[in-house]
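Everything below belongs to entry35.txt, which stores compact mmCIF, C-alpha atoms and all ligand atoms.
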```txt
# COMPACT_ATOMS: atom_id res chain seq x y z
CA MET A 1 108.94 73.50 89.92
CA SER A 2 107.10 73.12 93.19
CA GLN A 3 103.64 71.63 93.35
CA THR A 4 101.38 72.00 96.34
CA SER A 5 98.63 69.57 97.10
CA ALA A 6 96.24 68.82 99.92
CA SER A 7 93.67 66.13 100.45
CA ILE A 8 91.05 65.54 103.11
CA ALA A 9 92.03 61.93 103.70
CA THR A 10 94.79 59.52 102.79
CA PRO A 11 92.81 56.76 101.06
CA SER A 12 95.35 53.99 101.62
CA LEU A 13 95.07 54.35 105.43
CA LEU A 14 91.27 54.15 105.49
CA THR A 15 88.78 51.40 104.78
CA ASP A 16 86.14 52.11 102.12
CA ASP A 17 83.49 52.54 104.85
CA GLU A 18 85.60 55.03 106.79
CA ARG A 19 86.36 56.93 103.61
CA GLN A 20 82.66 57.11 102.67
CA ARG A 21 81.79 58.30 106.19
CA LEU A 22 84.45 61.02 106.05
CA LEU A 23 83.31 62.14 102.60
CA ALA A 24 79.68 62.29 103.81
CA GLN A 25 80.76 64.36 106.83
CA TYR A 26 82.81 66.62 104.58
CA ALA A 27 79.85 67.10 102.22
CA GLU A 28 77.58 67.92 105.18
CA ILE A 29 80.00 70.50 106.60
CA ALA A 30 80.50 72.03 103.15
CA ALA A 31 76.72 72.26 102.65
CA LEU A 32 76.29 73.82 106.11
CA ALA A 33 79.04 76.36 105.49
CA GLY A 34 77.59 77.22 102.07
CA GLY A 35 74.09 77.59 103.56
CA LEU A 36 75.40 79.77 106.37
CA ALA A 37 77.29 82.02 103.94
CA HIS A 38 74.14 82.39 101.86
CA GLU A 39 71.97 83.20 104.90
CA ILE A 40 74.44 85.86 106.05
CA LYS A 41 74.89 87.38 102.61
CA ASN A 42 71.26 88.33 102.04
CA PRO A 43 70.65 90.42 105.19
CA LEU A 44 74.13 91.88 104.78
CA SER A 45 73.24 93.03 101.28
CA THR A 46 70.17 94.78 102.73
CA VAL A 47 72.34 96.47 105.37
CA SER A 48 74.74 97.55 102.62
CA LEU A 49 71.91 98.98 100.50
CA ASN A 50 70.52 100.95 103.45
CA LEU A 51 73.97 102.28 104.31
CA GLU A 52 74.23 103.51 100.73
CA LEU A 53 70.92 105.39 101.13
CA LEU A 54 72.14 106.84 104.42
CA VAL A 55 75.36 108.03 102.76
CA GLU A 56 73.28 109.71 100.03
CA ASP A 57 71.15 111.43 102.71
CA LEU A 58 74.20 112.64 104.61
CA ALA A 59 76.26 113.59 101.55
CA GLY A 60 74.79 117.09 101.26
CA SER A 61 75.04 117.86 104.98
CA ASP A 62 77.04 120.84 106.13
CA THR A 63 77.06 120.55 109.92
CA PRO A 64 80.29 119.13 111.46
CA ARG A 65 78.26 116.55 113.36
CA GLU A 66 76.63 115.19 110.23
CA ARG A 67 79.96 115.18 108.37
CA ARG A 68 81.44 113.08 111.19
CA MET A 69 78.44 110.78 110.92
CA LEU A 70 78.97 110.48 107.17
CA LYS A 71 82.58 109.37 107.68
CA LYS A 72 81.54 106.71 110.19
CA VAL A 73 78.75 105.42 107.98
CA GLN A 74 81.17 105.24 105.03
CA THR A 75 83.59 103.16 107.11
CA ILE A 76 80.81 100.73 108.05
CA GLN A 77 79.73 100.62 104.40
CA ARG A 78 83.28 99.72 103.25
CA GLU A 79 83.56 96.93 105.80
CA CYS A 80 80.10 95.68 104.90
CA ASP A 81 80.97 95.57 101.18
CA HIS A 82 84.16 93.70 102.05
CA LEU A 83 82.14 91.10 103.97
CA VAL A 84 79.75 90.69 101.01
CA ASP A 85 82.79 90.17 98.72
CA ILE A 86 84.21 87.50 101.04
CA LEU A 87 80.87 85.69 101.19
CA GLU A 88 80.53 85.81 97.41
CA ASP A 89 84.04 84.36 96.97
CA PHE A 90 83.26 81.70 99.56
CA LEU A 91 80.04 80.73 97.78
CA LYS A 92 81.93 80.45 94.47
CA PHE A 93 84.37 78.13 96.22
CA ALA A 94 81.66 76.05 97.89
CA ARG A 95 79.55 75.76 94.73
CA VAL A 96 82.16 73.98 92.60
CA GLY A 97 80.32 70.70 92.29
CA GLU A 98 78.89 69.00 89.24
CA LEU A 99 80.59 70.11 86.03
CA GLU A 100 78.81 70.77 82.74
CA LEU A 101 81.47 69.46 80.38
CA GLU A 102 81.69 70.06 76.65
CA ALA A 103 84.57 69.34 74.28
CA ALA A 104 86.04 72.85 74.12
CA ASP A 105 88.75 74.66 72.24
CA LEU A 106 90.96 76.09 75.02
CA ASN A 107 92.65 78.46 72.52
CA GLN A 108 89.28 79.93 71.59
CA LEU A 109 88.33 80.33 75.26
CA LEU A 110 91.62 82.17 75.81
CA ARG A 111 91.11 84.41 72.77
CA GLU A 112 87.68 85.41 74.10
CA PHE A 113 89.11 86.00 77.56
CA ILE A 114 91.92 88.17 76.19
CA GLU A 115 89.43 90.25 74.21
CA PHE A 116 87.35 90.75 77.36
CA TYR A 117 90.40 91.57 79.52
CA GLN A 118 92.31 93.73 76.99
CA PRO A 119 90.81 97.16 77.98
CA GLU A 120 91.70 96.60 81.64
CA ALA A 121 95.16 95.31 80.70
CA ILE A 122 95.83 98.49 78.72
CA GLU A 123 94.65 100.62 81.63
CA LYS A 124 97.00 98.74 84.02
CA GLY A 125 99.98 98.82 81.66
CA ILE A 126 99.98 95.05 81.13
CA GLU A 127 101.09 93.62 77.80
CA ILE A 128 99.44 90.30 76.99
CA SER A 129 101.53 87.96 74.91
CA PRO A 130 99.61 84.87 73.72
CA HIS A 131 101.40 81.82 72.26
CA LEU A 132 98.58 79.46 71.37
CA ALA A 133 99.61 76.11 69.90
CA ALA A 134 98.12 75.18 66.54
CA ASP A 135 96.11 71.94 66.45
CA LEU A 136 95.49 71.88 70.19
CA PRO A 137 93.29 68.86 71.03
CA ALA A 138 89.82 69.63 72.40
CA VAL A 139 89.48 69.51 76.21
CA PRO A 140 86.37 68.53 78.21
CA LEU A 141 85.67 71.83 79.95
CA ASP A 142 83.02 73.53 82.02
CA CYS A 143 83.66 76.82 80.21
CA SER A 144 81.94 79.05 82.73
CA LEU A 145 83.95 77.57 85.62
CA PHE A 146 87.14 77.65 83.60
CA ARG A 147 86.65 81.37 82.95
CA GLN A 148 86.74 81.77 86.76
CA VAL A 149 90.13 80.04 86.72
CA LEU A 150 91.45 82.51 84.13
CA GLN A 151 89.94 85.49 85.94
CA ASN A 152 91.51 84.55 89.27
CA LEU A 153 94.96 83.78 87.84
CA VAL A 154 95.03 86.89 85.64
CA LEU A 155 93.83 89.12 88.50
CA ASN A 156 96.58 87.72 90.73
CA ALA A 157 99.16 88.36 87.98
CA GLN A 158 97.84 91.90 87.57
CA GLN A 159 98.04 92.53 91.32
CA ALA A 160 101.63 91.20 91.29
CA MET A 161 102.53 93.79 88.62
CA PRO A 162 101.22 97.06 90.11
CA LYS A 163 103.38 99.11 87.74
CA GLY A 164 102.42 97.01 84.73
CA GLY A 165 104.35 94.19 83.09
CA LEU A 166 104.20 91.24 80.76
CA LEU A 167 101.66 88.44 80.95
CA GLU A 168 102.32 85.44 78.73
CA LEU A 169 99.58 82.91 78.01
CA GLN A 170 100.86 79.73 76.39
CA THR A 171 99.10 76.56 75.35
CA GLY A 172 100.64 73.30 74.18
CA VAL A 173 100.71 69.53 74.60
CA ARG A 174 103.05 67.79 77.06
CA ASP A 175 103.02 64.04 77.73
CA GLY A 176 99.66 63.71 76.01
CA ARG A 177 98.02 66.38 78.20
CA VAL A 178 96.88 69.83 77.23
CA VAL A 179 98.90 72.44 79.10
CA LEU A 180 98.21 76.08 79.82
CA ASP A 181 100.96 78.29 81.24
CA LEU A 182 100.33 81.78 82.64
CA ILE A 183 103.58 83.63 83.23
CA ASP A 184 103.94 87.08 84.75
CA ASN A 185 107.06 89.10 85.41
CA GLY A 186 105.69 90.56 88.63
CA LYS A 187 106.98 90.48 92.19
CA GLY A 188 106.99 86.70 92.56
CA MET A 189 106.79 84.77 95.83
CA ASP A 190 109.22 83.54 98.47
CA GLU A 191 109.22 79.88 99.57
CA ARG A 192 107.03 80.51 102.61
CA THR A 193 104.29 82.22 100.61
CA LEU A 194 104.56 79.61 97.86
CA SER A 195 103.96 76.80 100.34
CA LYS A 196 100.67 78.35 101.50
CA ILE A 197 98.99 79.76 98.39
CA PHE A 198 96.46 76.94 97.99
CA GLU A 199 95.38 77.13 101.65
CA ILE A 200 91.87 78.47 102.16
CA PHE A 201 91.91 82.11 103.41
CA PHE A 202 95.67 82.52 102.92
CA SER A 203 96.36 85.98 101.54
CA THR A 204 99.20 88.50 101.65
CA LYS A 205 96.96 91.30 100.35
CA PRO A 206 95.05 93.83 102.43
CA GLY A 207 91.40 92.95 101.85
CA GLY A 208 92.26 89.70 100.02
CA SER A 209 89.90 86.84 100.84
CA GLY A 210 92.47 84.14 100.05
CA LEU A 211 89.90 82.09 98.17
CA GLY A 212 91.08 82.74 94.61
CA LEU A 213 93.69 79.99 94.27
CA PRO A 214 91.84 77.37 96.37
CA THR A 215 88.88 77.89 93.99
CA VAL A 216 91.19 77.62 90.97
CA GLN A 217 92.71 74.40 92.31
CA LYS A 218 89.31 72.95 93.10
CA ILE A 219 88.02 73.67 89.57
CA VAL A 220 91.17 72.31 87.89
CA ARG A 221 91.05 69.11 89.95
CA ALA A 222 87.35 68.66 89.22
CA HIS A 223 88.41 68.57 85.53
CA GLY A 224 90.92 65.79 86.28
CA GLY A 225 93.72 68.32 85.94
CA THR A 226 96.67 69.47 88.01
CA ILE A 227 98.08 72.89 88.76
CA ALA A 228 101.73 73.59 89.45
CA VAL A 229 103.52 76.82 90.30
CA ASP A 230 107.02 78.11 89.92
CA SER A 231 108.00 81.50 91.29
CA ALA A 232 111.02 83.62 92.13
CA PRO A 233 110.89 86.81 94.23
CA GLY A 234 111.44 89.87 92.07
CA ARG A 235 111.35 87.84 88.86
CA GLY A 236 107.81 86.54 88.40
CA THR A 237 105.52 83.55 88.56
CA ARG A 238 104.43 80.74 86.29
CA PHE A 239 101.22 78.79 86.86
CA SER A 240 100.97 75.61 84.77
CA ILE A 241 97.66 73.83 84.36
CA SER A 242 97.63 70.37 82.82
CA LEU A 243 94.35 68.87 81.58
CA PRO A 244 93.38 65.54 80.09
CA PRO A 245 92.35 65.90 76.42
CA ALA A 246 88.93 64.74 75.18
CA VAL A 247 88.96 61.09 74.14
N1 LIG B 1 100.92 85.76 90.26
C1 LIG B 1 101.25 85.92 91.54
N2 LIG B 1 102.38 86.60 91.87
C2 LIG B 1 102.73 86.78 93.16
N3 LIG B 1 102.00 86.30 94.21
C3 LIG B 1 100.89 85.62 93.95
C4 LIG B 1 100.44 85.39 92.61
N4 LIG B 1 99.31 84.66 92.64
C5 LIG B 1 99.05 84.45 93.95
N5 LIG B 1 99.98 85.04 94.74
C6 LIG B 1 100.03 84.97 96.22
O1 LIG B 1 99.11 83.97 96.64
C7 LIG B 1 98.22 84.53 97.61
C8 LIG B 1 96.87 83.82 97.53
O2 LIG B 1 96.22 84.11 96.28
P1 LIG B 1 94.65 84.01 96.19
O3 LIG B 1 94.25 84.37 94.82
O4 LIG B 1 94.21 82.70 96.73
O5 LIG B 1 94.14 85.09 97.23
P2 LIG B 1 94.23 86.69 97.13
O6 LIG B 1 94.58 87.08 95.73
O7 LIG B 1 95.13 87.16 98.21
O8 LIG B 1 92.76 87.12 97.49
P3 LIG B 1 91.44 86.86 96.59
O9 LIG B 1 90.66 85.80 97.29
O10 LIG B 1 90.79 88.17 96.58
O11 LIG B 1 91.89 86.36 95.24
C9 LIG B 1 98.19 86.01 97.29
O12 LIG B 1 97.80 86.78 98.43
C10 LIG B 1 99.64 86.28 96.88
O13 LIG B 1 100.47 86.40 98.01
MG MG B 2 93.51 86.29 94.09
```

Let me see the structure of the file written as structure tokens.
Ligand SMILES: Nc1ncnc2c1ncn2[C@@H]1O[C@H](COP(=O)(O)OP(=O)(O)OP(=O)(O)O)[C@@H](O)[C@H]1O
Ligand SMILES: [Mg+2]
Amino acid sequence: MSQTSASIATPSLLTDDERQRLLAQYAEIAALAGGLAHEIKNPLSTVSLNLELLVEDLAGSDTPRERRMLKKVQTIQRECDHLVDILEDFLKFARVGELELEAADLNQLLREFIEFYQPEAIEKGIEISPHLAADLPAVPLDCSLFRQVLQNLVLNAQQAMPKGGLLELQTGVRDGRVVLDLIDNGKGMDERTLSKIFEIFFSTKPGGSGLGLPTVQKIVRAHGGTIAVDSAPGRGTRFSISLPPAV
């Protein structure tokens, strides 16, 4: 089982003052980047909306010149929508800050998620197999953020099984921690990919923003949890999340 981790500073090599200064700088850069993404997203959304109107205007055209124009406008519209998606993913990543924790039943959260995801799973030929442990201790969770974790991991599993497959969701207790395993039998990852998956903007997918797993890791860590991954090319992938139970 390989586990990937990254940190912005090695605390033992820094004095408290230096560490505080670095954290303050990090917070400032993160706030700037978040602000910039927000400022770009709004005008871009207006551009996107106007492109949509332009496409509607040109849709009924029958001259070759206007049809060529329509194609070009549609290309710009696609790229514009892609940029909006990237900015939205980035803002989700940047906004993981203060958690609103409540003692939650992880099994119940999973049941609700499965119910929500089931129609899409059927459409994509994915069988969901839940094994939810009885008497699972409550976990302090920010449920809305944790749903993002499930969404990202399940979407990745789905994309790794383009012809359908099996997705197992298992909960249990290991070493006093509450554990959630998501196992797919999709295409898996080689060592090189595996070593990079938590890097911001790393993606092997056309159009992928590479922010899904960094966001997942950030949310899990903010809960005092860890995330580990085990994968074999052609066989599948297991993500294991371990969380401290409520005291
Ligand atoms: N279940 C999985 N099976 C195989 N590869 C995976 C799986 N989950 C993640 N990966 C690999 O990790 C990479 C990074 O995943 P991540 O979710 O961060 O970004 P992404 O899915 O490419 O884009 P997006 O930001 O849209 O989610 C993926 O591009 C893929 O190569
Ligand atoms: Mg993803």

Could you please extract the residues within 6 Å of ligand MG 2 (chain B), counting all atoms listed in the file, and hand them back as a PDB file with C-alpha atoms, keeping the file's coordinate frame?
```pdb
ATOM      1  CA  ASN A 152      91.510  84.550  89.270  1.00  0.00           C
ATOM      2  CA  ASN A 156      96.580  87.720  90.730  1.00  0.00           C
ATOM      3  CA  GLY A 212      91.080  82.740  94.610  1.00  0.00           C
TER       4      GLY A 212
END
```

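Taking CA of His223 (chain A) and CA of Val149 (chain A) as endpoints, the distance between them is 11.7 Å.
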
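Using only C-alpha atoms and all ligand atoms as the basis for the distance check, residues found within 6 Å of ligand LIG 1 (chain B) are Asn156, Ala157, Ala160, Lys187, Gly188, Met189, Ile197, Phe202, Ser203, Thr204, Lys205, Gly208, Ser209, Gly210, Leu211, Gly212, Leu213, Pro214 and Thr237 of chain A.
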
Dump C-alpha atoms for the selected residues as a short mmCIF file (atom, residue, chain, number, x, y, z; two decimals), in the frame of the given file?
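To be explicit, this is the file written out as out38.cif:
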```
data_model
loop_
_atom_site.label_atom_id
_atom_site.label_comp_id
_atom_site.auth_asym_id
_atom_site.auth_seq_id
_atom_site.Cartn_x
_atom_site.Cartn_y
_atom_site.Cartn_z
CA ASN A 156 96.58 87.72 90.73
CA ALA A 157 99.16 88.36 87.98
CA ALA A 160 101.63 91.20 91.29
CA LYS A 187 106.98 90.48 92.19
CA GLY A 188 106.99 86.70 92.56
CA MET A 189 106.79 84.77 95.83
CA ILE A 197 98.99 79.76 98.39
CA PHE A 202 95.67 82.52 102.92
CA SER A 203 96.36 85.98 101.54
CA THR A 204 99.20 88.50 101.65
CA LYS A 205 96.96 91.30 100.35
CA GLY A 208 92.26 89.70 100.02
CA SER A 209 89.90 86.84 100.84
CA GLY A 210 92.47 84.14 100.05
CA LEU A 211 89.90 82.09 98.17
CA GLY A 212 91.08 82.74 94.61
CA LEU A 213 93.69 79.99 94.27
CA PRO A 214 91.84 77.37 96.37
CA THR A 237 105.52 83.55 88.56
#
```

Margin query: Distance cut-off 12 Å, centre (91.1, 81.2, 83.3) in file coordinates, counting only C-alpha atoms: which residues qualify? Return them as a ChimeraX atom specification.
Written below: /A:106-114,116-117,141-157,169,180-182,212-213,215-217,219-220,239-241

Next item on the list: With a distance cut-off of 9 Å and all atoms listed in the file, select the neighbouring residues of Leu44 (chain A), excluding the residue or stretch itself and same-chain residues fewer than 3 positions from it, and output the selection as an NGL selection string.
Entry: :A and (39-41 or 47-49 or 80-81 or 83-84)

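Every protein, DNA or RNA residue with an atom at most 8 Å from Gly224 (chain A), where all atoms listed in the file count and chain neighbours fewer than 2 positions away do not, is listed here: Val220, Arg221, Ala222, Thr226, Leu243 and Pro244 of chain A.
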
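The list of residues within 9 Å of (110.7, 87.0, 96.8), counted using only C-alpha atoms, is Lys187, Gly188, Met189, Asp190, Glu191, Thr193, Ser231, Ala232, Pro233, Gly234, Arg235 and Gly236 of chain A.
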
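For Leu51 (chain A), the residues within 12 Å (counting only C-alpha atoms, excluding itself and residues fewer than 2 positions away along the chain) are A:Leu44, A:Ser45, A:Thr46, A:Val47, A:Ser48, A:Leu49, A:Leu53, A:Leu54, A:Val55, A:Glu56, A:Asp57, A:Leu58, A:Ala59, A:Met69, A:Leu70, A:Lys71, A:Lys72, A:Val73, A:Gln74, A:Thr75, A:Ile76, A:Gln77, A:Arg78, A:Glu79, A:Cys80, A:Asp81.
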
Margin query: Calculated over only C-alpha atoms, which of the candidates A:Gly172, A:Pro130, A:Ile227, A:Gly34 has the smallest distance to Val96 (chain A)?
Written below: A:Gly34

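Comparing the minimum interatomic distances between Gly186 (chain A) and each of A:Lys163, A:His131, A:Lys92, A:Arg65, counting all atoms listed in the file, we find that A:Lys163 sits nearest.
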
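Look at Lys124 (chain A): the protein and nucleic acid residues within 9 Å of it, using all atoms listed in the file and passing over chain neighbours fewer than 4 places away, are Pro119, Glu120, Gln158, Met161, Pro162, Lys163, Gly164 and Gly165 of chain A.
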
Could you turn the residues from that selection into a file that holds C-alpha atoms, as a CSV table (one decimal), in the frame of the given file?
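This is the output file selection.csv:
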```
chain,number,residue,atom,x,y,z
A,119,PRO,CA,90.8,97.2,78.0
A,120,GLU,CA,91.7,96.6,81.6
A,158,GLN,CA,97.8,91.9,87.6
A,161,MET,CA,102.5,93.8,88.6
A,162,PRO,CA,101.2,97.1,90.1
A,163,LYS,CA,103.4,99.1,87.7
A,164,GLY,CA,102.4,97.0,84.7
A,165,GLY,CA,104.4,94.2,83.1
```
